[in-house]
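Chemist: Pasting work_22.cif below, which is mmCIF, C-alpha atoms and all ligand atoms.
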data_data
loop_
_atom_site.label_atom_id
_atom_site.label_comp_id
_atom_site.auth_asym_id
_atom_site.auth_seq_id
_atom_site.Cartn_x
_atom_site.Cartn_y
_atom_site.Cartn_z
CA MET E 697 -42.29 -17.50 8.62
CA ARG E 698 -39.32 -19.58 7.53
CA GLY E 699 -39.94 -18.59 3.94
CA ASN E 700 -39.95 -14.90 4.90
CA VAL E 701 -36.57 -15.13 6.61
CA ARG E 702 -35.13 -16.95 3.66
CA LYS E 703 -36.53 -14.37 1.27
CA ARG E 704 -35.06 -11.54 3.32
CA LEU E 705 -31.65 -13.24 3.49
CA LEU E 706 -31.76 -13.68 -0.26
CA TRP E 707 -32.48 -9.96 -0.70
CA VAL E 708 -29.67 -8.90 1.64
CA GLY E 709 -27.23 -11.29 -0.01
CA GLY E 710 -28.27 -10.10 -3.46
CA LEU E 711 -27.89 -6.44 -2.54
CA MET E 712 -24.43 -7.06 -1.05
CA LEU E 713 -23.35 -8.84 -4.21
CA LEU E 714 -24.73 -6.01 -6.35
CA ALA E 715 -22.94 -3.39 -4.24
CA THR E 716 -19.65 -5.28 -4.62
CA LEU E 717 -20.14 -5.54 -8.36
CA LEU E 718 -21.09 -1.87 -8.74
CA ALA E 719 -18.02 -0.81 -6.72
CA ALA E 720 -15.93 -2.20 -9.58
CA CYS E 721 -17.53 0.31 -11.97
CA GLY E 722 -15.91 3.37 -10.35
CA LYS E 723 -14.11 5.69 -12.77
CA ASP E 724 -11.25 6.88 -10.56
CA LEU E 725 -9.46 3.67 -9.52
CA PRO E 726 -5.93 4.53 -8.35
CA GLN E 727 -5.24 0.94 -7.27
CA ASN E 728 -6.40 -0.92 -10.35
CA THR E 729 -4.33 -4.04 -11.10
CA PHE E 730 -5.76 -4.05 -14.61
CA ASP E 731 -4.32 -0.61 -15.35
CA PRO E 732 -0.55 -1.23 -15.08
CA ALA E 733 1.80 1.78 -15.06
CA GLY E 734 5.10 -0.08 -15.29
CA PRO E 735 6.69 -3.26 -16.69
CA THR E 736 6.44 -5.32 -13.47
CA ALA E 737 2.69 -4.76 -13.11
CA GLN E 738 2.27 -5.24 -16.87
CA SER E 739 3.98 -8.66 -16.87
CA GLU E 740 1.97 -9.72 -13.83
CA LYS E 741 -1.25 -8.66 -15.50
CA ASP E 742 -0.28 -10.55 -18.68
CA VAL E 743 0.28 -13.74 -16.72
CA LEU E 744 -3.04 -13.25 -14.94
CA MET E 745 -5.05 -12.88 -18.15
CA LEU E 746 -4.49 -16.44 -19.49
CA PRO E 747 -5.86 -18.36 -16.47
CA LEU E 748 -8.57 -15.71 -16.10
CA ALA E 749 -9.68 -16.30 -19.70
CA ILE E 750 -9.55 -20.11 -19.37
CA ALA E 751 -11.40 -19.98 -16.03
CA GLY E 752 -13.95 -17.59 -17.54
CA ILE E 753 -14.74 -19.93 -20.43
CA ILE E 754 -15.01 -22.93 -18.07
CA PHE E 755 -17.23 -20.92 -15.71
CA VAL E 756 -19.65 -19.99 -18.48
CA LEU E 757 -19.76 -23.57 -19.83
CA VAL E 758 -20.26 -25.24 -16.46
CA GLU E 759 -22.66 -22.73 -14.93
CA GLY E 760 -24.54 -22.41 -18.22
CA GLY E 761 -24.90 -26.20 -18.40
CA ILE E 762 -26.15 -26.38 -14.82
CA LEU E 763 -28.73 -23.63 -15.44
CA LEU E 764 -29.84 -25.13 -18.76
CA ILE E 765 -30.33 -28.63 -17.35
CA ALA E 766 -31.94 -27.35 -14.14
CA ILE E 767 -34.52 -25.45 -16.19
CA LYS E 768 -35.06 -28.00 -18.95
CA TYR E 769 -35.44 -31.04 -16.69
CA ARG E 770 -37.06 -29.36 -13.69
CA HIS E 771 -39.91 -31.04 -11.85
CA ARG E 772 -43.28 -30.43 -13.45
CA LYS E 773 -46.78 -31.34 -12.25
CA GLY E 774 -47.84 -34.69 -13.54
CA ARG E 775 -44.29 -35.80 -14.34
CA GLU E 776 -43.86 -38.49 -11.70
CA ARG E 777 -41.43 -40.88 -13.38
CA MET E 778 -38.05 -41.40 -11.72
CA PRO E 779 -35.08 -40.40 -13.97
CA GLN E 780 -32.67 -43.13 -14.99
CA GLN E 781 -30.09 -43.63 -12.19
CA LEU E 782 -26.39 -43.55 -13.20
CA HIS E 783 -23.37 -44.73 -11.20
CA GLY E 784 -20.06 -43.53 -12.59
CA ASN E 785 -18.80 -43.14 -16.12
CA THR E 786 -15.17 -44.11 -16.60
CA ARG E 787 -14.64 -42.16 -19.79
CA LEU E 788 -16.12 -38.95 -18.32
CA GLU E 789 -14.10 -39.29 -15.14
CA ILE E 790 -10.83 -39.83 -17.00
CA GLY E 791 -11.74 -36.81 -19.14
CA TRP E 792 -12.35 -34.40 -16.29
CA THR E 793 -9.21 -35.54 -14.50
CA ILE E 794 -6.94 -35.10 -17.50
CA ALA E 795 -8.41 -31.84 -18.82
CA PRO E 796 -7.69 -29.75 -15.66
CA ALA E 797 -4.21 -31.29 -15.41
CA VAL E 798 -3.48 -30.20 -18.97
CA LEU E 799 -4.87 -26.72 -18.32
CA LEU E 800 -2.75 -26.34 -15.16
CA ALA E 801 0.33 -27.47 -17.09
CA ILE E 802 -0.36 -24.77 -19.69
CA VAL E 803 -0.92 -22.05 -17.09
CA VAL E 804 2.16 -22.91 -15.01
CA VAL E 805 4.66 -22.27 -17.80
CA PRO E 806 4.29 -18.46 -18.07
CA ALA E 807 3.70 -18.17 -14.31
CA LEU E 808 6.93 -19.97 -13.39
CA SER E 809 9.02 -18.10 -15.93
CA LEU E 810 7.66 -14.80 -14.59
CA ILE E 811 8.51 -15.80 -11.01
CA TRP E 812 12.10 -16.40 -12.11
CA SER E 813 12.39 -13.18 -14.08
CA LEU E 814 10.84 -11.03 -11.31
CA ALA E 815 13.37 -12.45 -8.84
CA GLU E 816 16.27 -11.09 -10.92
CA ARG E 817 17.97 -8.06 -9.41
CA PRO E 818 19.71 -5.88 -12.01
CA PRO E 819 23.00 -4.65 -10.49
CA ASP E 820 22.56 -1.11 -11.85
CA ALA E 821 19.11 -0.62 -10.29
CA MET E 822 18.54 2.18 -7.77
CA GLN E 823 18.56 0.68 -4.27
CA VAL E 824 15.96 1.72 -1.71
CA ASN E 825 15.31 0.20 1.70
CA VAL E 826 11.61 -0.04 2.57
CA GLN E 827 10.82 -0.24 6.27
CA GLY E 828 7.38 -1.29 7.48
CA PHE E 829 6.47 0.18 10.86
CA GLN E 830 3.18 0.15 12.77
CA TRP E 831 1.60 1.90 10.84
CA TRP E 832 3.60 3.82 8.27
CA TRP E 833 6.35 3.25 5.74
CA GLY E 834 9.91 4.55 5.83
CA PHE E 835 12.26 4.79 2.81
CA GLN E 836 16.07 4.95 2.79
CA TYR E 837 17.96 5.66 -0.43
CA LEU E 838 21.05 3.47 -0.32
CA GLY E 839 23.15 4.69 -3.28
CA GLU E 840 26.47 6.43 -2.64
CA ASP E 841 25.17 9.49 -4.48
CA MET E 842 22.09 9.52 -2.22
CA GLN E 843 23.82 10.42 1.05
CA VAL E 844 22.91 13.66 2.80
CA ASP E 845 25.46 16.51 2.83
CA TYR E 846 25.17 17.33 6.54
CA ASP E 847 26.29 15.44 9.66
CA PRO E 848 25.63 12.76 10.65
CA LYS E 849 25.99 11.44 7.11
CA GLY E 850 23.48 8.85 6.06
CA PRO E 851 20.97 7.91 3.40
CA ILE E 852 18.26 10.34 2.29
CA THR E 853 15.28 9.19 4.34
CA THR E 854 11.59 9.85 3.75
CA ALA E 855 8.31 8.58 5.17
CA ASN E 856 4.93 7.74 3.65
CA VAL E 857 5.89 8.79 0.12
CA LEU E 858 8.51 7.00 -1.98
CA VAL E 859 9.86 9.44 -4.57
CA ILE E 860 11.51 7.87 -7.63
CA PRO E 861 12.73 8.95 -11.07
CA ALA E 862 10.33 7.82 -13.80
CA ASP E 863 11.47 5.16 -16.27
CA THR E 864 14.26 3.97 -13.96
CA THR E 865 14.62 0.52 -12.47
CA ILE E 866 14.24 0.53 -8.70
CA ASP E 867 15.25 -2.36 -6.43
CA LEU E 868 13.39 -2.27 -3.11
CA SER E 869 14.67 -4.21 -0.08
CA LEU E 870 11.76 -4.91 2.24
CA GLU E 871 12.14 -5.14 5.97
CA ALA E 872 9.75 -4.81 8.92
CA ALA E 873 11.06 -2.42 11.56
CA GLY E 874 9.96 -2.02 15.14
CA GLY E 875 11.33 1.29 16.29
CA LEU E 876 9.87 3.05 19.29
CA ILE E 877 11.44 5.08 22.07
CA GLY E 878 14.58 3.28 23.25
CA GLY E 879 15.19 1.23 20.13
CA GLU E 880 13.48 -1.70 18.52
CA ASN E 881 10.34 -2.89 20.23
CA PRO E 882 9.73 -6.58 19.47
CA ASP E 883 5.96 -6.14 20.00
CA HIS E 884 5.93 -3.88 16.96
CA LEU E 885 7.84 -6.26 14.70
CA VAL E 886 5.06 -7.74 12.61
CA ILE E 887 4.74 -8.85 9.01
CA HIS E 888 3.46 -6.26 6.51
CA SER E 889 3.02 -6.49 2.76
CA PHE E 890 4.07 -3.79 0.27
CA TRP E 891 1.67 -3.33 -2.61
CA ALA E 892 1.19 -0.64 -5.24
CA PRO E 893 -1.21 -2.39 -7.66
CA ARG E 894 -0.46 -0.23 -10.72
CA LEU E 895 3.31 -0.79 -10.32
CA PHE E 896 3.86 -4.21 -8.71
CA GLY E 897 2.14 -7.08 -6.89
CA LYS E 898 2.21 -7.81 -3.17
CA GLN E 899 5.42 -8.78 -1.43
CA ASP E 900 5.74 -9.68 2.25
CA VAL E 901 7.74 -7.36 4.52
CA VAL E 902 9.23 -9.61 7.19
CA PRO E 903 11.11 -8.65 10.38
CA GLY E 904 14.60 -9.74 11.39
CA LEU E 905 16.13 -10.69 8.06
CA ALA E 906 18.86 -8.01 8.06
CA GLY E 907 19.14 -7.43 4.32
CA GLN E 908 18.12 -10.97 3.43
CA GLY E 909 14.47 -10.05 3.01
CA ASN E 910 12.20 -9.87 0.02
CA HIS E 911 12.75 -7.60 -2.96
CA ILE E 912 10.62 -5.80 -5.48
CA VAL E 913 12.17 -4.68 -8.77
CA PHE E 914 10.00 -2.23 -10.69
CA SER E 915 9.81 1.02 -12.58
CA ALA E 916 7.12 3.54 -13.52
CA TRP E 917 6.78 4.43 -17.20
CA GLU E 918 5.47 7.95 -16.62
CA PRO E 919 5.81 10.64 -13.96
CA GLY E 920 2.81 10.61 -11.66
CA THR E 921 1.45 9.57 -8.27
CA TYR E 922 0.75 5.90 -7.62
CA TYR E 923 -1.21 4.64 -4.62
CA GLY E 924 -0.28 1.71 -2.45
CA GLN E 925 -1.13 0.12 0.85
CA CYS E 926 -0.19 -2.60 3.30
CA ALA E 927 -1.73 -5.89 2.27
CA GLU E 928 -1.02 -8.06 5.31
CA PHE E 929 -3.02 -7.67 8.51
CA CYS E 930 -0.58 -6.03 10.92
CA GLY E 931 -2.72 -4.63 13.75
CA LEU E 932 -5.35 -2.02 14.47
CA GLN E 933 -4.42 0.47 11.74
CA HIS E 934 -3.53 -2.05 9.03
CA GLY E 935 -6.27 -0.64 6.78
CA MET E 936 -4.75 2.84 7.09
CA MET E 937 -1.15 1.84 6.43
CA LYS E 938 -1.03 3.45 3.04
CA PHE E 939 1.73 5.04 0.96
CA ARG E 940 2.25 6.80 -2.32
CA ILE E 941 4.94 6.48 -4.95
CA VAL E 942 5.65 9.77 -6.71
CA ALA E 943 7.57 9.35 -9.97
CA LEU E 944 9.32 12.52 -11.22
CA ASN E 945 10.77 13.47 -14.58
CA ASP E 946 14.54 13.82 -14.82
CA THR E 947 14.72 17.56 -14.03
CA ASP E 948 12.36 17.36 -11.05
CA TRP E 949 14.15 14.27 -9.78
CA ARG E 950 17.56 15.99 -9.77
CA ALA E 951 16.08 19.01 -7.99
CA TRP E 952 14.39 16.75 -5.44
CA VAL E 953 17.61 14.85 -4.67
CA ALA E 954 19.63 18.09 -4.34
CA ASN E 955 17.04 19.50 -1.92
CA GLN E 956 16.89 16.29 0.13
CA LYS E 957 20.64 16.41 0.70
CA LEU E 958 20.43 19.79 2.44
CA PRO E 959 19.81 20.22 6.15
CA ALA E 960 16.28 21.29 7.12
CA ASN E 961 15.25 24.92 6.65
CA GLU E 962 15.74 27.26 9.59
CA PRO E 963 12.47 29.00 10.47
CA THR E 964 12.40 32.72 9.72
CA ASP E 965 9.18 33.78 11.49
CA VAL E 966 8.63 33.94 15.24
CA LEU E 967 5.87 31.35 15.51
CA ALA E 968 7.79 28.73 13.52
CA ALA E 969 10.92 29.46 15.58
CA GLN E 970 8.88 28.83 18.74
CA GLY E 971 7.73 25.57 17.17
CA MET E 972 11.33 24.54 16.51
CA ASP E 973 12.29 25.30 20.12
CA LEU E 974 9.35 23.19 21.31
CA PHE E 975 10.23 20.38 18.94
CA LEU E 976 13.83 20.25 20.10
CA GLY E 977 13.19 21.24 23.72
CA THR E 978 15.71 24.06 23.35
CA ASN E 979 14.38 26.25 26.18
CA GLY E 980 13.65 23.46 28.61
CA GLN E 981 10.10 23.12 27.30
CA GLY E 982 8.79 20.38 25.05
CA GLY E 983 11.44 18.19 23.43
CA GLN E 984 9.31 15.05 23.36
CA CYS E 985 9.21 14.98 19.55
CA ILE E 986 12.90 14.11 19.22
CA ALA E 987 12.37 10.81 21.04
CA CYS E 988 11.01 9.43 17.79
CA HIS E 989 11.57 11.90 14.94
CA ALA E 990 14.58 13.11 13.00
CA ILE E 991 14.98 16.50 11.32
CA GLY E 992 18.20 16.72 9.34
CA GLY E 993 20.74 19.26 10.59
CA THR E 994 19.14 19.56 14.06
CA GLU E 995 19.63 17.51 17.22
CA ALA E 996 16.52 15.51 16.33
CA GLY E 997 17.92 12.23 15.04
CA SER E 998 15.74 9.34 16.16
CA PRO E 999 14.83 6.80 13.47
CA ALA E 1000 11.87 5.43 15.46
CA GLY E 1001 9.22 7.59 13.81
CA PRO E 1002 8.82 9.25 10.41
CA ASN E 1003 11.74 11.45 9.33
CA LEU E 1004 10.35 15.00 9.11
CA THR E 1005 13.29 16.81 7.43
CA ARG E 1006 11.19 17.62 4.34
CA PHE E 1007 7.71 17.36 5.85
CA ALA E 1008 6.38 20.22 3.67
CA ASP E 1009 8.03 19.19 0.40
CA ALA E 1010 5.45 19.12 -2.39
CA THR E 1011 6.06 15.40 -2.93
CA HIS E 1012 5.27 14.63 0.72
CA GLU E 1013 1.59 14.51 -0.15
CA CYS E 1014 0.39 12.71 2.95
CA PHE E 1015 1.37 11.86 6.52
CA ALA E 1016 0.60 9.33 9.29
CA GLY E 1017 0.36 6.34 6.97
CA CYS E 1018 -1.17 8.61 4.32
CA ASP E 1019 -4.24 8.86 6.51
CA PHE E 1020 -4.11 12.64 6.09
CA GLU E 1021 -3.30 14.97 3.20
CA THR E 1022 -0.36 17.29 3.90
CA PHE E 1023 -1.81 19.94 1.59
CA ASN E 1024 -5.27 21.17 0.64
CA PRO E 1025 -6.31 20.70 -3.00
CA ASP E 1026 -5.19 24.31 -3.70
CA GLY E 1027 -1.69 23.54 -2.38
CA THR E 1028 -1.99 25.43 0.91
CA PRO E 1029 -0.94 23.66 4.15
CA ASN E 1030 -3.59 21.35 5.56
CA ALA E 1031 -2.90 22.84 8.99
CA GLU E 1032 -6.21 21.61 10.39
CA ALA E 1033 -5.36 17.95 9.83
CA LEU E 1034 -1.87 18.33 11.29
CA ALA E 1035 -3.25 20.24 14.29
CA ALA E 1036 -5.87 17.53 14.94
CA TRP E 1037 -3.15 14.89 14.72
CA LEU E 1038 -0.92 16.73 17.22
CA ARG E 1039 -3.87 17.46 19.54
CA ASP E 1040 -4.69 13.78 20.03
CA PRO E 1041 -3.27 11.24 17.57
CA ASN E 1042 -5.50 8.46 18.86
CA ALA E 1043 -8.65 10.50 18.36
CA VAL E 1044 -8.03 10.69 14.61
CA LYS E 1045 -6.16 7.39 14.18
CA MET E 1046 -7.10 4.84 16.80
CA GLY E 1047 -4.13 2.86 18.10
CA ALA E 1048 -1.56 5.25 16.63
CA LYS E 1049 1.81 4.90 18.36
CA MET E 1050 2.35 8.64 18.65
CA PRO E 1051 1.50 9.64 22.22
CA ASN E 1052 -0.83 12.49 23.18
CA TYR E 1053 1.39 15.10 24.84
CA ASN E 1054 -1.58 17.29 25.86
CA LEU E 1055 -0.18 20.21 23.91
CA SER E 1056 -1.82 23.61 24.33
CA GLU E 1057 -3.41 25.24 21.27
CA GLU E 1058 -0.52 27.77 21.22
CA GLU E 1059 2.01 24.94 21.18
CA ILE E 1060 0.11 23.17 18.41
CA ASP E 1061 0.04 26.36 16.31
CA ALA E 1062 3.78 26.81 16.75
CA LEU E 1063 4.58 23.18 15.85
CA VAL E 1064 2.33 23.30 12.79
CA ALA E 1065 4.00 26.54 11.65
CA TYR E 1066 7.44 24.97 12.11
CA LEU E 1067 6.65 21.72 10.31
CA TYR E 1068 5.29 23.63 7.30
CA THR E 1069 8.60 25.50 6.95
CA LEU E 1070 10.33 22.16 6.29
CA SER E 1071 10.01 22.19 2.52
CU1 LIG W 1 1.13 -3.17 7.75
CU2 LIG W 1 -0.96 -4.23 7.37
#
Just give me the structure of the file as structure tokens.
Modeler:
Amino acid sequence: MRGNVRKRLLWVGGLMLLATLLAACGKDLPQNTFDPAGPTAQSEKDVLMLPLAIAGIIFVLVEGGILLIAIKYRHRKGRERMPQQLHGNTRLEIGWTIAPAVLLAIVVVPALSLIWSLAERPPDAMQVNVQGFQWWWGFQYLGEDMQVDYDPKGPITTANVLVIPADTTIDLSLEAAGGLIGGENPDHLVIHSFWAPRLFGKQDVVPGLAGQGNHIVFSAWEPGTYYGQCAEFCGLQHGMMKFRIVALNDTDWRAWVANQKLPANEPTDVLAAQGMDLFLGTNGQGGQCIACHAIGGTEAGSPAGPNLTRFADATHECFAGCDFETFNPDGTPNAEALAAWLRDPNAVKMGAKMPNYNLSEEEIDALVAYLYTLS
């Protein structure tokens, strides 16, 4: 009986190990540390390879030796003699104390120098504020040339997707934010960690440091979309606190910035106009959305939730912590996902801070139509 249980445990353990190993063989790995797409991730990978190689060689030698000796000197029938008993070997012990110390000394040199160089903040880098909320990311572009053209003036602000020019050094200031209705909510101020494996390693996002927080300096070599996620347990939806970094070529970047500076589009069709009225509460109905959301050029100006000014911009690929795609693969609005989210946020993302306002299907249709005019 005992033997059976043990056998079964061995099988389960073996299968789990195999599944983990096989998962590493996937072809499409958008968060692969070993496939750097910029100089920060490249230098971090380079520093990782040396200890990995040394540890790999030691692993093979030690485990190989254990296996070899366990097989060669295993107990056999008729071999009853007791092996010679040893107690300590000074030379060996000095050896395996000094060898790891030497190896550590070798490994620490490139690691320390990288820590110093990654901490440098080039003064001409593009400055972006990263805000970690429960459970989504907000981005504020701090440069003087990145202010919006409408009132109230302020930084271009996006959510979920950080858009950057390719091949340009970006300096991110990381800060945990707590915003909910009525200002900062201390219960929501928790530590997050900002991580886009192909561009840079993890960095903690800590509350209450007012500009004194952690930084990430990085760039992306090529235009493209890079995946990232929160890497510090921060509550129920930590696993779905994702983001994307979209790097644009020079022309697309200029066009993107120019568009971001404009106030939001005014709806031209009836349904979308109804949605806007509902959003803002213009006709005495609705108006709950503006407690948390901002839409540039309208009365909606709350920084507590994601800024929706350019919700339907092509770069805004995903919403609600990138839990949902904004567009279908063919580029058409993913109205179903947005409708499901508005119908009952908690049903599709448990614990989500957006309340269920028990909207009617007509109201949902109008809001979806409005939000998809915000390109
Ligand atoms: Cu934010 Cu985990």
Chemist: So the first atom is CA of Gln970 (chain E) and the second is CA of Ala1062 (chain E); what is the distance between them in Å, to one decimal place?
Modeler: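 Taking CA of Gln970 (chain E) and CA of Ala1062 (chain E), their separation equals 5.8 Å.
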Chemist: May I ask you to write as a ChimeraX atom specification all residues lying at most 9 Å from ligand LIG 1 (chain W), with all atoms listed in the file counted?
Modeler: /E:828-833,872,886-890,901,925-938
Chemist: So which residues touch region 794-810 of chain E within 9 Å, counting all atoms listed in the file, skipping near sequence neighbours fewer than 6 positions away, as a ChimeraX atom specification?
Modeler: /E:739-740,743-744,746-747,750
Chemist: How about saving the chosen residues, C-alpha atoms kept, as a short mmCIF file (atom, residue, chain, number, x, y, z; two decimals), keeping the file's coordinate frame?
Modeler:
data_model
loop_
_atom_site.label_atom_id
_atom_site.label_comp_id
_atom_site.auth_asym_id
_atom_site.auth_seq_id
_atom_site.Cartn_x
_atom_site.Cartn_y
_atom_site.Cartn_z
CA SER E 739 3.98 -8.66 -16.87
CA GLU E 740 1.97 -9.72 -13.83
CA VAL E 743 0.28 -13.74 -16.72
CA LEU E 744 -3.04 -13.25 -14.94
CA LEU E 746 -4.49 -16.44 -19.49
CA PRO E 747 -5.86 -18.36 -16.47
CA ILE E 750 -9.55 -20.11 -19.37
#
Chemist: Show which residues sit within 9 Å of Pro726 (chain E), as a list in words. Count all atoms listed in the file, and ignore same-chain residues fewer than 6 positions away.
Modeler: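 What passes the distance filter is Pro893, Arg894, Thr921, Tyr922, Tyr923 and Gly924 of chain E.
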Chemist: I'd like to know which of E:Gln981, E:Ser998, E:Asn1024, E:Gln738 is closest to Glu1059 (chain E), using only C-alpha atoms.
Modeler: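 The shortest atom-to-atom distance to Glu1059 (chain E) comes from E:Gln981.
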Chemist: Between CA of Arg777 (chain E) and CA of Leu763 (chain E), what distance in Å does the model show, to one decimal?
Modeler: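 These atoms are spaced 21.5 Å apart.
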Chemist: One decimal, Å: what's the distance from CA of Thr1022 (chain E) over to CA of Asn1003 (chain E), could you say?
Modeler: 14.5 Å
Chemist: Out of E:Pro1025, E:Arg1006, E:Asp847, E:Trp917, which residue has the shortest atom-to-atom distance to Thr994 (chain E) when counting all atoms listed in the file?
Modeler: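 That would be E:Asp847, the residue with the smallest distance to Thr994 (chain E).
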Chemist: If we count all atoms listed in the file and set the cut-off at 10 Å, which residues sit around Ala1065 (chain E), ignoring sequence neighbours fewer than 4 positions away in its own chain? Please answer as a ChimeraX atom specification.
Modeler: /E:963,965-972,1029,1031,1035,1059-1061,1069-1070
Chemist: Could you check the closest approach to Gln827 (chain E) for each of E:Ala892, E:Ile790, E:Ala1000, E:Ile754 and tell me which residue wins, using all atoms listed in the file?
Modeler: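 Among E:Ala892, E:Ile790, E:Ala1000, E:Ile754, it is E:Ala1000 that comes nearest to Gln827 (chain E).
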Chemist: Ranking E:Trp952, E:Trp891, E:Phe896, E:Phe1015 by minimum distance to Leu1067 (chain E) and counting all atoms listed in the file, which one comes first?
Modeler: E:Phe1015
Chemist: Write out as CSV a residue-level contact list of region 704-810 of chain E versus region 856-867 of chain E with cut-off 12 Å: for each qualifying residue the closest pair of atoms and the distance in Å to one decimal, counting all atoms listed in the file, rows sorted by chain and residue number upward.
Modeler:
residue,atom,partner,partner_atom,distance
E:Ala733,CA,E:Asp863,CA,10.3
E:Gly734,CA,E:Asp863,CA,8.3
E:Pro735,CA,E:Asp863,CA,9.7
E:Thr736,CA,E:Thr865,CA,10.1
Chemist: Taking all atoms listed in the file into account, which of E:Gly897, E:Gly699, E:Gly874, E:Pro919 comes nearest Ala737 (chain E)?
Modeler: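 Result for the nearest residue to Ala737 (chain E): E:Gly897.
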Chemist: Under the rule that all atoms listed in the file are counted, which of E:His884, E:Lys849, E:His911, E:His771 is the nearest residue to Ser869 (chain E)?
Modeler: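 Selected residue with least distance to Ser869 (chain E): E:His911.
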Chemist: What would the list of residues within 9 Å of (13.1, -4.6, -6.7) (file frame) look like as a list in words, if all atoms listed in the file are what count?
Modeler: Leu814, Ala815, Glu816, Arg817, Pro818, Ala821, Met822, Gln823, Val824, Thr865, Ile866, Asp867, Leu868, Ser869, Asn910, His911, Ile912, Val913, Phe914 and Ser915 of chain E
